[in-house]
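Here the structure is laid out as structure tokens; the discussion comes afterwards.
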Amino acid sequence: MPPEIKPQVPKDNPGLTVVGQRQPRLDGADKVSGRSVFTDDVVLPGMLYGKILRSTHAHARIKRLDTSKAEALPGVKAVVTAAHATGMSANSTDSVAKASKRRTGKTIKLKTGETIFADDVVTYIGEEIAAVAALDEATATKALELIEVEYEPLPAIMDSRRAVRAGAPQVNEEFPGNVWSQDIDNYGDPDTAFDEADFIMESKFEAGVTHNLYAEFHVALVDFSRPDKLKIWTPTQTSYLMQHSLAPAFGLSVNQVQIIHLNTGGAFSGRGAVRPHHYVAVLLSRETRRPVKVFSAGDEEFLIGRALGKNRYKTRVAADKDGTLRAFDMTCEMDGGAVGNEVGYFGWMAGLSNAWMFDLQGNRFQRKVILTNQRPNFLGHGGMMVSSNCAVQQLLAKVARSLDMDPMDLLLKNAVEQGHTGLSGEVFASCGLKECIETVRRESGWDDKYDKLPPYHGIGVAVGAMAAGAKGAFKHDTSAAMVRVGEDGLITVYTGIPDMGQGTHTTMAMIAAEVLGIDANDVQLVAGDTDLTPIDIGAFAQRGTITTGNAARNAAIDARDQLAVYAAEKLETSVDNLRFAHGQVSRVDDPQQSLPFKEVTWGTLNSMEGRFVMGRGFYNSPLPYGTTSWSFDAQVAEVIVDPETGQIDVLKVTVAHDLGRTINPLAVEGQIDGQVFSAMSQVIYEELVTDDGLFLNPSRLEYKMPRTYEMPEIAHFMIESNDPYGPFGAKEVGEGPVVVAGAAIIAAVSNALGGTLMPEMPMTPMRVLKAIRASELEKSQSQSAA
Amino acid sequence: MLLPDHQYVRVDSLKDCLKSLRENGERTHVVAGGTDVIFNMRLRLFQPDIALSIRRIAEIKQVEELADGGLRIGAGCRLVDLAENALINERYPAFADSIRAVASSHIRNIATLGGNICLKTRCWYTNNSEQWRQGVKECFKTDGDLCHVIKSSSLCHAINNADTPLPLIVLGAVLTLQREGESRDVPIADFYQKDGMDHTVLKADELVTHVTLPPCADRTVFLKIAARKGMDFSQAAIAARASGTGTKAGEVSLVLGSISMAPIVLHEPARLIAEQGITDAAIEQAEEKVRAELGELTSLYARAGYKAHLAKVLVRRALKALREM
Amino acid sequence: MAKHLISLTINGDTYEDLVVSDNQTLLDVIRGEVGLKGTKRGCTTGACGVCTVNDANGDAILSCMTHVLEWDGEAITTIEGLADTSDLDAIQKAFVHYGAVQCGSCTPGVIMSAKALLNTHPQPTEEQINEAMAGVLCRCTGHVKVKEAIRNAHRIEEVVSHAAGD
Ligand SMILES: Cc1cc2nc3c(=O)[nH]c(=O)nc-3n(C[C@H](O)[C@H](O)[C@H](O)COP(=O)(O)OP(=O)(O)OC[C@H]3O[C@@H](n4cnc5c(N)ncnc54)[C@H](O)[C@@H]3O)c2cc1C
């Protein structure tokens with residue numbers, strides 16, 4: 001049991017003046033006027049253009065690689081190949097392995113030692129073979145054409161099911177049978193639960209290959225012209241991991257690597273690691289001693305970007321006739337692509353998260369990561385949890401139907417509450433799940449609609465939970481922040497967390513402003529440059545608000561304490577008799593006695609003692625390992641299926657999200673909207689169509705995502721459970737909603753088809769038609785049986 | 001990525017244009033709005049020596065009313081202007097709908113009718129970057145002799161994905177094709193060929209200058225099915241026309257698009273409806289006759305089975321819509 | 001390749017004697033020779049709208065899909081030209097106020113598309129908004145707050161002063 005900790009502010013009457021206000025983004029004016037600088041906008045003096053030659057074969061031996069003609073082309077400044085990167089591997093997440101070992105008792109394998117360039121064998125289409133740097137883009141492109149590669153094709157394996165059969169081609173000799181990893185995690189006592197349960201239901205579910213499709217394509221601008229300083233401009237979710245990956249590869253110390261991430265044009269879990277193109281740009285800059293920009297043009301983005309691969313689930317649920325859920329058992333076959341890497345770990349997170357919402361006896365998750373000659377995979381928006389939750393929640397609706405029970409009642413009956421200890425030892429210090437379920441039930445008009453809608457019109461519910469904070473995924477979940485006070489009362493927050501659009505920087509400003517009792521617009525941010533900002537492991541694992549937010553709060557408290565010395569002197573009282581609010585510092589016992597905040601900052605900084613105010617704050621979750629806080633979420637989706645075309649029209653999504661405390665409702669709504677969009681996009685539209693490892697639709701036109709017309713009405717409800725660990729009680733809203741929206745939509749489609757389980761996502765029209773045929777078949781069969 | 005090297009030539013009159021085409025037609029790609037040409041040049045699928053811009057030729061940018069109640073539309077008219085044109089909306093509503101169905105408003109702001117009519121066929125084995133294409137064998141479109149989607153075929157099966165030709169066919173539109181010193185009129189129904197490579201009868205030195213629409217008092221409809229509304233090529237589309245009112249229909253025409261190398265005129269289904277009227281029973285029978293007229297289908301952009309299915313759905317929906325008019 | 005001298009008016013400033021080549025698009029020159037980086041490079045194939053600028057009529061134009069030579073002597077507006085020196089344009093204010101901006105990478109193109117719509121329809125209907133904005137892609141906002149900002153742009157002064165007065 002963790003120590004009993006008290007919330008930072010009371011739940012109902014917290015006395016907050018900034019937190020909870022609709023605060024427009026602080027960088028909004030820059031972004032709407034074209035002033036915001038993104039990496040592709042930066043042009044450095046003497047900058048060269050880098051281009052990468054990529055494998056056109058899924059599996060082949062490189063018999064001959066001749067770069068001499070490219071090297072001889074005027075304007076070409078460097079050509080690099082595997083020979084320039086010997087012994088270098090694209091490793092980034094070793095610390096992840098350590099933490100997960102503590103949690104599961106065993107190490108989850110993370111890396112195969114992926115190389116920067118293919119050495120003698122290429123194992124997927126798009127794998128890096130060589131790269132050039134030239135004076136301009138056209139010359140670089142021409143140079144690529146002059147590189148001669150002779151391939152000897154090898155048998156390739158594209159499907160993970162075939163890859164494990166005897167005699168299948170081997171992707172990597174180190175992994176016989178193409179099994180990269182195989183794990184079973186048992187939490188609680190699933191065996192007994194399955195033995196003793198009244199009944200068991202099961203289903204199969206598949207999810208296709210995706211890309212994160214953020215607005216800004218991958219790009220890296222590197223200046224390594226000085227051997228002791230490596231500067232990289234690039235969009236990222238984590239400059240910390242970039243520093244830690246690149247420094248050892250190039251014989252540098254971590255802080256000799258400077259990451260400048262400026263603005264990051266969206267990430268959606270797709271920018272959480274260093275990729276080969278980063279290393280390539282560094283190599284090119286090292287060779288030429290000039291800045292080099294590598295930009296992925298057009299369809300190349302789909303080869304650089306790594307998202308989800310094919311995942312195949314088998315889900316079993318054990319339940320009793322009274323609707324008690326006893327256990328889950330999920331098996332997942334994961335296509336690890338040619339590299340494997342972290343995907344097994346992401347599977348583990350999905351397996352854990354399946355169970356968080358319910359009071360279960362057992363949970364088992366078995367996963368097998370299989371190597372194929374497909375693109376290496378990573379994360380989609382919402383990780384694998386979007387698809388695993390689709391599998392689970394549909395099945396729960398079926399369980400409810402079989403018991404003649406309303407799915408809402410089934411969820412409510414089994415939902416966890418505050419104080420619950422989960423099967424892997426997690427303690428929910430705050431939990432508003434039941435309130436979320438009740439809210440969406442009421443607000444969506446569920447009771448008037450469920451099973452009362454016309455044919456092909458459906459309604460579905462799903463729930464979810466999301467860990468906030470990276471403890472458990474990482475050994476240390478560290479963030480630091482600094483708050484500098486200007487004599488004019490303007491505050492500067494220094495933070496290392498990237499803002500990829502989620503609004504974290506504005507949140508940090510609001511948190512500091514709340515503590516100091518000033519307007520958030522009087523706070524500016526210094527961020528996005530590791531030479532200036534304090535340590536922060538990055539924007540992932542929903543750690544921004546809770547971890548960096550606590551660091552920012554601590555830094556602001558430290559600054560406030562320093563200002564209090566002067567204010568207390570002036571107001572002739574003690575430092576703990578002061579209140580900072582509404583731009584004033586006043587005595588608690590006599591609020592009439594006050595000083596404007598700006599007078600306090602002026603006085604402090606111009607005092608004889610020369611008090612320079614820099615607040616320092618730090619946060620690393622107090623638990624030895626594991627997450628402190630979880631968000632909870634329930635959603636109802638309503639859809640209409642066109643039985644003729646198989647197209648799905650999502651009418652409305654009602655979202656209730658327990659985020660602990662709403663810091664900025666404007667940003668929270670934006671997060672929810674974007675995640676409903678993304679989830680809908682993933683479960684209905686997004687899929688990379690492949691032909692022998694070749695993506696046939698690598699474009700923003702043919703990789704389908706919905707647009708304006710397709711967007712449903714979205715109703716947001718924020719449930720505030722006031723988490724004791726979170727800053728002012730806040731948890732997360734960064735990924736909690738996306739893993740529920742998809743499941744709610746799929747449950748609604750299933751409901752529209754009379755409870756037929758949807759076996760696959762995305763639910764393309766063709767697949768919907770197939771499901772309709774299956775459901776009609778089912779109906780006619782059950783009729784004839786009756 | 002820059003466009004490939006080429007010479008950009010702009011002509012401001014039809015005369016200069018036709019002269020330029022006579023001199024350099026084989027080495028030229030005409031650029032009207034450029035929304036398809038630039039796209040494919042960027043991918044190095046088109047690498048003309050000359051990009052001939054016809055955007056400023058005033059002679060092909062008018063909409064004229066004809067004495068017979070028809071319209072003569074310049075091929076250089078922008079889609080956005082045609083979509084808003086009162087005469088077109090009034091006289092040819094299905095055509096107007098098809099114009100609005102093309103791509104996005106951004107594209108319609110610059111794309112032209114001529115460009116839509118002449119739009120090259122598309123295929124996802126070729127309409128990707130040059131570097132991407134190195135992963136596939138050369139095919140008809142890239143100087144090879146193979147079709148990726150129907151391996152046994154001696155023809156390219158890329159798809160004619162344009163939307164406006166379908167209503168133009170049912171409306172009996174006639175295209176005016178000009179070369180220096182010569183002009184010929186070709187009914188749009190005869191303009192297209194079942195070959196993804198050589199998809200129209202247009203010669204390298206010719207320009208489509210005008211589209212003439214005869215008057216039409218019949219009911220017409222255009223329907224499009226795409227993965228998303230507002231910004232997408234059709235997975236299948238239909239234009240349909242019927243004389244008469246209610247279930248009575250003396251003359252019927254049905255044209256499907258985006259499922260093959262050329263628009264498909266459905267004969268048997270149209271004959272059936274003309275004979276029996278637009279009754280539910282006749283519609284059902286007509287639907288059954290559709291598949292036989294589609295020829296060999298490919299799984300380009302959408303599964304062959306889905307296209308065959310959509311073809312039936314569209315025939316049914318179009319006929320029912322006509323009956324309601 | 002041959003070079004050409006053209007003149008281009010961008011945001012009211014005439015750039016005389018711009019040296020461009022045949023294979024450059026309007027986007028290449030706005031970002032390159034002219035050096036205005038507000039207009040972003042996206043898919044460069046017409047599908048995402050991030051490179052949108054307005055032509056002299058105020059229509060939304062994809063700058064990636066048109067030869068720069070096509071624009072010799074013409075005038076365009078880019079995102080940098082919307083605000084006058086002291087104040088943001090109503091649509092820009094609305095985007096900030098309604099939270100229609102997140103990562104900001106698509107924002108310039110999205111705003112120029114919205115601006116084109118508002119030029120002709122100051123109070124657009126839902127259908128008009130959907131139609132005008134279907135050509136852009138914004139994963140961050142899912143277009144929800146983008147639409148809200150467009151719907152309310154005509155009364156943004158009132159809304160903002162009301163919010164400030166609260
Ligand atoms: C993202 C995207 C989405 C699209 N969606 C659709 C869609 O939904 N439906 C659809 O139909 N199209 C679509 N298109 C294709 C294209 O934009 C349209 O077909 C458009 O109408 C083409 O017109 P344009 O003037 O831009 O043609 P251009 O690109 O200028 O020309 C197209 C072809 O026609 C030739 N040509 C043009 N004018 C003439 C003429 N007068 N005489 C002879 N030849 C000529 C050109 O040489 C070229 O081969 C889309 C394109 C993109 C990039």
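Chain labels A, B, ... are given in the sequence in which chains occur in the structure tokens; within each chain residues are numbered consecutively from 1, and ligands are likewise numbered from 1 in the order shown.
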
Can you tell me which residues sit at most 6 Å away from ligand 1, counting only C-alpha atoms and all ligand atoms, written as a PyMOL selection string?
(chain A and resi 701) or (chain B and resi 29-37+75+102-103+107+111-116+118-120+161-163+207-209+232-234) or (chain C and resi 45-47)

Within 7 Å of chain C, which residues of chain B are there when counting only C-alpha atoms? Please give them as a JSON list (two decimals) with C-alpha atoms, in the first residue's frame.
[["chain", "number", "residue", "atom", "x", "y", "z"],
["B", 2, "LEU", "CA", 10.91, 19.57, -57.10],
["B", 3, "LEU", "CA", 9.12, 18.88, -60.34],
["B", 4, "PRO", "CA", 11.30, 17.22, -62.96],
["B", 5, "ASP", "CA", 13.16, 19.43, -65.39],
["B", 6, "HIS", "CA", 11.00, 20.69, -68.24],
["B", 7, "GLN", "CA", 10.13, 23.80, -70.10],
["B", 8, "TYR", "CA", 7.03, 25.71, -69.09],
["B", 34, "GLY", "CA", -2.64, 21.23, -63.44],
["B", 35, "THR", "CA", -4.15, 19.36, -60.50],
["B", 38, "ILE", "CA", 1.52, 18.49, -61.47],
["B", 39, "PHE", "CA", 0.62, 15.60, -59.19],
["B", 104, "SER", "CA", -12.27, 19.41, -52.85],
["B", 105, "SER", "CA", -13.17, 23.04, -53.26],
["B", 106, "HIS", "CA", -9.43, 23.78, -53.28],
["B", 109, "ASN", "CA", -10.93, 26.39, -57.67],
["B", 230, "GLY", "CA", -16.07, 15.94, -49.86],
["B", 231, "MET", "CA", -12.58, 14.91, -50.86]]

Please check the contacts: residues of chain B at most 9 Å away from chain A, using only C-alpha atoms, listed as an NGL selection string.
:B and (1-2 or 4 or 124-125 or 128-129 or 131-136 or 225 or 227-233 or 301-303 or 305-306 or 309-310 or 313)

Distance limit 8 Å, atoms considered: only C-alpha atoms. Which chain C residues sit that close to chain A? Return them as a PyMOL selection string.
chain C and resi 37-39+42-45+47-48+79-80+82-83+88+92-93+95-108+111+130-131+133-145

Could you pull out the residues in segment 60-105 of chain C that DSSP calls alpha helix (DSSP H) from the backbone, as a ChimeraX atom specification?
/C:90-97

Output N, CA, C and O atoms for every residue in the selection just made, as an mmCIF file, in the first residue's frame.
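Result written to part-v9.cif:
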data_model
loop_
_atom_site.group_PDB
_atom_site.id
_atom_site.type_symbol
_atom_site.label_atom_id
_atom_site.label_comp_id
_atom_site.auth_asym_id
_atom_site.auth_seq_id
_atom_site.Cartn_x
_atom_site.Cartn_y
_atom_site.Cartn_z
ATOM 1 N N ALA C 90 -10.154 38.477 -38.051
ATOM 2 C CA ALA C 90 -11.217 37.848 -37.264
ATOM 3 C C ALA C 90 -11.071 36.325 -37.239
ATOM 4 O O ALA C 90 -11.236 35.699 -36.183
ATOM 5 N N ILE C 91 -10.744 35.728 -38.362
ATOM 6 C CA ILE C 91 -10.675 34.266 -38.383
ATOM 7 C C ILE C 91 -9.490 33.775 -37.547
ATOM 8 O O ILE C 91 -9.558 32.746 -36.882
ATOM 9 N N GLN C 92 -8.417 34.545 -37.558
ATOM 10 C CA GLN C 92 -7.271 34.153 -36.724
ATOM 11 C C GLN C 92 -7.631 34.246 -35.248
ATOM 12 O O GLN C 92 -7.323 33.354 -34.453
ATOM 13 N N LYS C 93 -8.328 35.310 -34.908
ATOM 14 C CA LYS C 93 -8.751 35.456 -33.504
ATOM 15 C C LYS C 93 -9.673 34.314 -33.108
ATOM 16 O O LYS C 93 -9.580 33.777 -32.009
ATOM 17 N N ALA C 94 -10.564 33.991 -34.024
ATOM 18 C CA ALA C 94 -11.522 32.927 -33.711
ATOM 19 C C ALA C 94 -10.793 31.591 -33.512
ATOM 20 O O ALA C 94 -11.145 30.807 -32.629
ATOM 21 N N PHE C 95 -9.780 31.341 -34.317
ATOM 22 C CA PHE C 95 -9.028 30.087 -34.153
ATOM 23 C C PHE C 95 -8.367 30.027 -32.775
ATOM 24 O O PHE C 95 -8.377 28.989 -32.120
ATOM 25 N N VAL C 96 -7.814 31.127 -32.344
ATOM 26 C CA VAL C 96 -7.173 31.139 -31.021
ATOM 27 C C VAL C 96 -8.242 30.977 -29.940
ATOM 28 O O VAL C 96 -8.143 30.111 -29.062
ATOM 29 N N HIS C 97 -9.270 31.781 -30.043
ATOM 30 C CA HIS C 97 -10.275 31.801 -28.984
ATOM 31 C C HIS C 97 -10.997 30.464 -28.829
ATOM 32 O O HIS C 97 -11.261 30.017 -27.717
#

Please, what distance in Å, to one decimal, runs between atom CA of Val386 of chain A and atom CA of Ile746 of chain A?
10.6 Å

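The environment of Thr604 of chain A within 7 Å, counting only C-alpha atoms and disregarding residues fewer than 4 places along the same chain, consists of A:Leu563, A:Tyr566, A:Val600, A:Arg611.
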
Go through A:Gly383, A:Gly167, A:Gly50, A:Pro454 one by one, measure the shortest atom-to-atom distance of each to Lys293 of chain A using only C-alpha atoms, and give the residue with the smallest value.
A:Gly50
